[in-house]
Amino acid sequence: MSERALYLQAAESLRRNPGQWAAYDSLGHCVVLAGPGSGKTKTLTVKLARLLAEDVQEPRGVACITYNNECARELESRLAALGIEPGGRVFIGTVHSFSLTQIVLPYAKVAGLGLPDEFSVATQSERASALERAYRSVIDGPDNPQTWDFRMGNYRRAILNRNSPQWRERDPVLAALVEAFEDELRAMARIDFDDMPLLALRALRANEWLQRALLAKYPVLVVDEYQDLGRALHRMVLGFCFSAGMRLFAVGDPDQSIYGFNGARPDLLQQLSRRDDVETVHLRLNYRCGSRIVTGSRYALGEDRDYEAAEGANEGTIHFHPRTGNRDQQADDLFSSLLPDIRERLPDLRLADIAILYPSAPIGDAVASAAQNYGLPTIRTDKNSLYPRSSRLMRWLEQCAEWCCGGWRTGTPRFRTLMNDGQRIFSESLTAEGDVLLFQRRLLKTLWERRDSTVLLHWWLNEMRREAIAELIEGCRTLQDEGETLGAFIDRAAPDGDCAEMTLEQFAGRSEGKNCISLSTLHSAKGREFVVVIMFGMNDGTIPWHNQSNQRLVEWRRLFYVGFTRAKQELHIMYAANMPSPFVKEVEERLNADG
Amino acid sequence: MYLSRIKIENFRNFSDLDVALDGNIVVVGENRVGKSNLLYAIRLIFDPTLPDSARQLGLEDFWDGLGEPDEDDKIVVAVEIKDFDDDLDILAEMTDFRLDDDPETVRLTYEFRPRGDLEGSPASEDDYEFVCYGGESDTKTFGHAQRRRITMEVLPALRDAEGDLATWRRSPLRPLIESAFRGVERNELEEIKDAVQAATARLGDFEAVKELEEKLGTRFAEMSGPKQDIKPRLGFGATEATRLYRNIRLLIDDGQRAINDASLGSANIVFLTLKSLELQRQMNENLRDHTLLAIEEPEAHLHPHLQRSVYRDLFEDIGESTPLSILLTTHSPHIASVAPLRSLVLLKETANDGAVGHSTASISLSEADEEDLARYLDVTRAEMMFARGIILVEGDAEKFLLPVLAETIGHPLDHAGITVCSVAGTNFKPYAKFLTALDIPFSIVTDWDPVEGKKPLAMNRALKLIAAMEHERTGEVPVEVVNELKELAKNANDFSDRCENFGVFTNTHTLEVDLFKDEDFTAEIIAVLREQKWSQERRNWIDGWEVDRDTLDVENYLKLIESVGKGRFAQRLASRIEGIEPPTYIKRAIEFVADRV
């Protein structure tokens with residue numbers, strides 16, 4: 001079937017939903033306010049396909065910016081299903097990778113950014129040492145310099161224009177620290193992640209032609225998860241779309257804005273939607289959650305929204321589980337009584353359909369070790385996971401491992417997919433004629449000769465790194481940090497590390513689609529859905545913390561709401577009987593009042 | 001967008017060519033100077049039909065003067081492009097390739113160089129690789145995707161326009177017809193099909209035709225046997241509706257005759273017509289964004305007046321309405337004469353540095369000067385472009401006299417390839433700038449033109465001319481030279497001696513007066529004047545001047561010449577002065593150029 005037919009067919013399923021259809025049919029700037037489970041990603045991908053087929057002609061393309069690499073991967077695979085391969089005319093990536101690959105790398109010199117030749121992206125340890133030196137020279141106090149990192153980041157994101165008087169006046173010490181820190185990085189020929197959008201903005205501000213160059217490449221800008229993207233992107237969007245002439249298609253949900261600590265500003269999307277030259281579309285039907293969960297979610301959020309469950313949705317159930325005992329006992333309880341009950345009630349339930357969500361990674365440790373006691377396979381997606389789930393390199397290696405563990409027989413995954421993903425990850429190193437072919441040969445040879453699911457992971461990773469990818473990582477300025485992540489994980493898999501026993505098969509089992517229970521923080525669960533969700537540790541003082549400002553309280557509540565709306569069929573809320581979270585109490589009371 | 005510069009290093013007969021461009025390029029130069037190599041160098045960057053195997057050059061493609069290439073030697077072709085941001089499609093393709101220090105300029109580079117992983121000196125062709133990249137980093141590669149949109153087409157020198165037109169597959173008519181027929185409804189074609197079938201059937205009504213067809217069929221069947229019988233028929237073409245359009249032929253003379261009957265010249269024009277329509281179609285259908293159309297020796301098979309009208313149209317009308325750059329290599333002064341003034345690139349062989357090039361792209365000219373020059377080149381059929389040296393003079397008098405005088409001193413002008421060009425007045429500046437830019441050796445012969453009580457006109461004229469020439473040559477305002485000349489102007493002799501170093505030669509009055517005062521010419525001039533019928537008073541003037549040369553009344557003398565006509569006077573005089581040594585300033589002006597060609 002042709003690409004065209006694929007998206008036209010997919011579009012038919014949007015027709016029944018007036019909001020989705022309006023978004024699909026929009027001609028000018030369009031903001032889509034999409035509630036949980038409202039089919040926003042589907043709407044967005046089909047719209048993207050339509051833009052590429054009908055509105056944007058070769059050689060121009062569409063840039064699609066999203067919150068993190070996970071979201072980008074999700075969009076990529078959905079687009080692939082519509083016959084659209086990223087690369088070429090389509091950019092899909094984060095604000096950081098957009099800033100870096102579309103503005104900073106190609107134009108660093110000509111835009112006068114004053115960066116050192118051959119700069120690359122700093123690894124965590126390089127950042128830490130730069131901060132250490134900057135702290136010594138500017139403040140030289142008794143603190144651990146790394147404790148300043150968070151405030152420094154906020155300050156950099158808060159005041160975008162360094163030439164404004166504000167920059168120096170609001171907090172002179174922080175301003176000096178940031179500048180010293182950036183100078184230290186530059187002296188090492190490095191930039192860091194926060195630099196990327198800032199440098200891009202500076203380049204755009206100083207070079208009028210640059211906006212037009214971006215307009216030429218991308219006449220349409222698509223932004224997903226707008227509420228989480230912060231002011232630097234918002235500033236770029238205003239320039240691109242409301243002065244240079246790009247067309248905007250922005251999707252998001254201010255109610256799900258939970259990254260305030262990273263500079264997210266839910267009001268920016270609302271500002272956009274109030275503009276006269278923007279068409280605003282609401283997606284209010286929830287296709288994910290049972291109707292009772294949809295009702296409960298209104299109470300969880302504490303705001304009046306007109307969301308309703310889509311026609312034909314199941315009823316859905318919400319269960320409250322007040323518990324006594326400490327955290328470990330409660331975690332044990334989860335696996336000894338709660339989970340068996342659920343599995344008895346839903347005999348067809350796969351482990352992958354279950355998620356246990358908790359407010360922070362340390363709580364996850366308790367859940368993870370309890371799961372281990374009961375011999376249940378889990379996959380963690382918080383910061384205490386074996387390695388960050390956002391690492392494209394690690395995710396790719398998981399796929400390679402799966403291929404080696406028998407995937408080569410059935411083409412799951414296909415070698416071509418491994419090659420395409422690898423090519424994208426290492427694109428910076430694969431420039432010369434023949435590089436790609438050489439990479440393909442090496443990759444195939446390395447994988448082919450190591451098709452044994454029982455080998456120790458440490459050996460396999462070491463071989464893989466040495467034979468196939470070490471040189472490539474070396475040549476990619478954007479991949480240094482992930483190279484470090486890989487190194488750290490290989491150390492953990494070494495004979496004296498905590499994962500010494502791990503086999504290739506276990507590693508491969510971590511890749512997507514495997515039958516494991518998901519353990520995740522509420523934050524990392526965003527955008528995902530599960531048949532059964534168990535919210536664990538919903539205690540007062542944990543969610544929210546005590547003594548929070550009103551603004552912070554609202555964000556805590558949104559976080560609770562995000563977790564709440566992940567469930568399709570059964571939602572379980574576990575908390576300490578003597579100190580339930582006020583959010584839990586309110587939901588319970590209001591549901592009881594409904595009867 | 002337009003090409004603003006080309007640089008070629010170590011390629012064939014170019015050691016280091018670096019020429020400013022202004023979009024269209026008209027390459028002139030003598031045979032074997034490398035005009036085709038210049039086009040081929042540009043093809044290495046832009047031509048999508050050139051396979052990679054052709055981009056992988058050979059050792060024989062290195063510049064001959066280089067000897068054995070070592071590990072530092074590479075072949076480089078680089079073009080720079082400006083004004084690439086008007087069209088957003090072009091901007092999208094080009095924006096990444098800006099120069100580090102100049103965002104308004106894009107550069108595309110082809111390099112043939114020793115392989116990156118090679119240790120030591122390259123030993124064979126296998127040790128070389130080619131790379132095409134933009135901007136200043138060879139990691140920003142470009143390839144077919146860009147060549148498809150910003151593309152180059154080459155019409156080679158001895159093309160068989162007639163043959164191409166006659167072959168469906170090669171015909172430039174084919175894509176146009178196919179595109180036109182895409183919009184025609186199938187059922188409407190059915191009607192035509194029926195009509196063709198009806199006409200074919202009527203062929204069979206003629207007894208003789210029918211007989212021939214039957215004979216054909218029988219004979220074929222006999223030879224092939226029944227299983228191989230293809231049932232041959234006579235007709236006006238295949239009658240399947242969807243293939244009907246393939247029978248369409250281009251006809252001439254209101255449909256009376258096929259194109260095959262046209263002259264070679266007409267066929268060439270038809271070919272170009274179709275090609276330009278096809279280019280426009282491809283632009284309109286967003287199949288490409290800019291075309292570099294290269295035509296080698298476009299003068300082939302075209303009469304001079306057709307050369308001018310066809311290419312004037314191509315440059316002016318089509319070039320204006322289509323994103324098109326035209327690249328020509330030509331020997332034809334007729335084509336050079338209609339080329340945009342700033343498109344000219346003159347190639348010249350040097351003794352040690354291979355062929356070098358000079359262009360008119362960046363001459364600084366006022367609008368009026370530019371118009372003058374363009375008109376002049378058109379009228380004189382651009383003979384300046386094809387001369388090895390030029391003597392610029394004020395008018396017809398010098399134009400007629402100088403060749404004879406040059407012959408006398410042993411520098412026959414035609415033989416040396418030197419042309420005398422009259423600028424019809426004293427506005428030498430645009431011509432001098434033009435010739436300086438193209439590095440064509442030239443001298444200027446101009447009258448001293450004394451004015452009673454003031455400085456002679458020639459002083460200011462020469463000063464300004466030399467300043468302009470030096471400015472064009474060095475690219476800087478020649479402050480020192482100007483100050484030196486101003487200082488020298490106190491003494492007329494010192495001043496004019498110095499001017500001669502720059503190729504500006506003056507007399508003491510005007511040509512006719514100076515000649516008269518030269519005793520070798522006096523008698524001949526008197527004789528020419530006497531060929532005319534004059535009043536008694538005027539005959540007396542002439543008699544008096546003959547007796548005593550010094551009594552010449554300049555005003556009356558010039559009055560007589562005016563009434564003969566300056567040109568006519570000079571022509572008559574020219575026929576009489578063979579063998580007479582010319583005045584010194586003319587002699588030096590001729591030698592100045594002759595020494596430099």
# chains A, B, ... in the order shown; residues from 1 in each chain; ligands from 1
call {"tool": "select_by_dssp", "arguments": {"residues": "segment 62-120 of chain B", "states": "alpha helix (DSSP H)", "output": "ChimeraX atom specification"}}
result
/B:88-94
call {"tool": "interface_residues", "arguments": {"of": "chain A", "to": "chain B", "cutoff": "6 Å", "atoms": "only C-alpha atoms", "output": "list in words"}}
result
Pro106, Lys109, Val110, Ala213, Ala216, Lys217 and Thr431 of chain A
call {"tool": "write_last_selection", "arguments": {"atoms": "C-alpha atoms", "output": "PDB file, in the first residue's frame"}}
result
ATOM      1  CA  PRO A 106      25.594  23.505  11.370  1.00  0.00           C
ATOM      2  CA  LYS A 109      30.933  29.332  13.184  1.00  0.00           C
ATOM      3  CA  VAL A 110      28.917  31.411  10.774  1.00  0.00           C
ATOM      4  CA  ALA A 213      16.996  29.279   6.902  1.00  0.00           C
ATOM      5  CA  ALA A 216      13.152  27.073   4.420  1.00  0.00           C
ATOM      6  CA  LYS A 217      13.887  23.643   5.821  1.00  0.00           C
ATOM      7  CA  THR A 431      29.587  10.802   6.848  1.00  0.00           C
TER       8      THR A 431
END
call {"tool": "residues_around", "arguments": {"residues": "Phe315 of chain B", "least_positions_apart": "3", "cutoff": "8 Å", "atoms": "only C-alpha atoms", "output": "list in words"}}
result
Tyr311, Arg312, Ile318, Gly319, Glu320, Ile326, Ala339 and Pro340 of chain B
call {"tool": "atom_distance", "arguments": {"atom1": "atom CA of Glu501 of chain A", "atom2": "atom CA of Leu386 of chain A"}}
result
13.7 Å
call {"tool": "atom_distance", "arguments": {"atom1": "atom CA of Thr412 of chain A", "atom2": "atom CA of Thr381 of chain A"}}
result
22.8 Å
call {"tool": "select_by_dssp", "arguments": {"residues": "segment 84-278 of chain B", "states": "strand (DSSP E)", "output": "PyMOL selection string"}}
result
chain B and resi 98-99+102-114+128-134+150-155+251-252+257-258
call {"tool": "atom_distance", "arguments": {"atom1": "atom CA of Gly235 of chain B", "atom2": "atom CA of Asp253 of chain B"}}
result
23.7 Å
call {"tool": "residues_around", "arguments": {"residues": "Gln372 of chain A", "least_positions_apart": "3", "cutoff": "12 Å", "atoms": "only C-alpha atoms", "output": "list of chain:residue names"}}
result
A:Ala331, A:Asp332, A:Phe335, A:Asp365, A:Ala366, A:Val367, A:Ala368, A:Ser369, A:Gly375, A:Leu376, A:Pro377, A:Thr378, A:Ile379, A:Cys516, A:Ile517
call {"tool": "residues_around", "arguments": {"residues": "Ile92 of chain A", "least_positions_apart": "2", "cutoff": "9 Å", "atoms": "only C-alpha atoms", "output": "PyMOL selection string"}}
result
chain A and resi 62-66+72-73+75-76+86-87+90+94+97-98
call {"tool": "write_last_selection", "arguments": {"atoms": "C-alpha atoms", "output": "PDB file, in the first residue's frame"}}
result
ATOM      1  CA  VAL A  62       8.570  19.108   8.965  1.00  0.00           C
ATOM      2  CA  ALA A  63      10.292  19.429  12.326  1.00  0.00           C
ATOM      3  CA  CYS A  64       8.669  17.668  15.232  1.00  0.00           C
ATOM      4  CA  ILE A  65       9.878  18.578  18.688  1.00  0.00           C
ATOM      5  CA  THR A  66       8.961  16.559  21.715  1.00  0.00           C
ATOM      6  CA  ALA A  72      10.641  10.767  20.016  1.00  0.00           C
ATOM      7  CA  ARG A  73      11.042   7.002  19.661  1.00  0.00           C
ATOM      8  CA  LEU A  75       6.545   9.009  17.376  1.00  0.00           C
ATOM      9  CA  GLU A  76       9.165   7.498  15.097  1.00  0.00           C
ATOM     10  CA  PRO A  86      12.537   9.809   9.869  1.00  0.00           C
ATOM     11  CA  GLY A  87      15.635  11.455   8.493  1.00  0.00           C
ATOM     12  CA  VAL A  90      11.413  14.828   8.855  1.00  0.00           C
ATOM     13  CA  THR A  94      13.926  16.882  21.641  1.00  0.00           C
ATOM     14  CA  SER A  97      18.652  17.804  19.754  1.00  0.00           C
ATOM     15  CA  PHE A  98      16.764  20.279  17.542  1.00  0.00           C
TER      16      PHE A  98
END
call {"tool": "residues_around", "arguments": {"residues": "segment 271-274 of chain B", "least_positions_apart": "3", "cutoff": "8 Å", "atoms": "only C-alpha atoms", "output": "ChimeraX atom specification"}}
result
/B:161,165,172-173,267-268,277-278
call {"tool": "residues_around", "arguments": {"residues": "Ala123 of chain B", "least_positions_apart": "6", "cutoff": "12 Å", "atoms": "only C-alpha atoms", "output": "PyMOL selection string"}}
result
chain B and resi 59+68-71+114-115
call {"tool": "closest_residue", "arguments": {"among": "B:Leu234, B:Asn460, B:Pro333, B:His358", "to": "Arg202 of chain B", "atoms": "only C-alpha atoms"}}
result
B:Leu234
call {"tool": "closest_residue", "arguments": {"among": "A:Arg162, A:Arg190, A:Arg389, A:His523", "to": "Gln124 of chain A", "atoms": "only C-alpha atoms"}}
result
A:Arg190
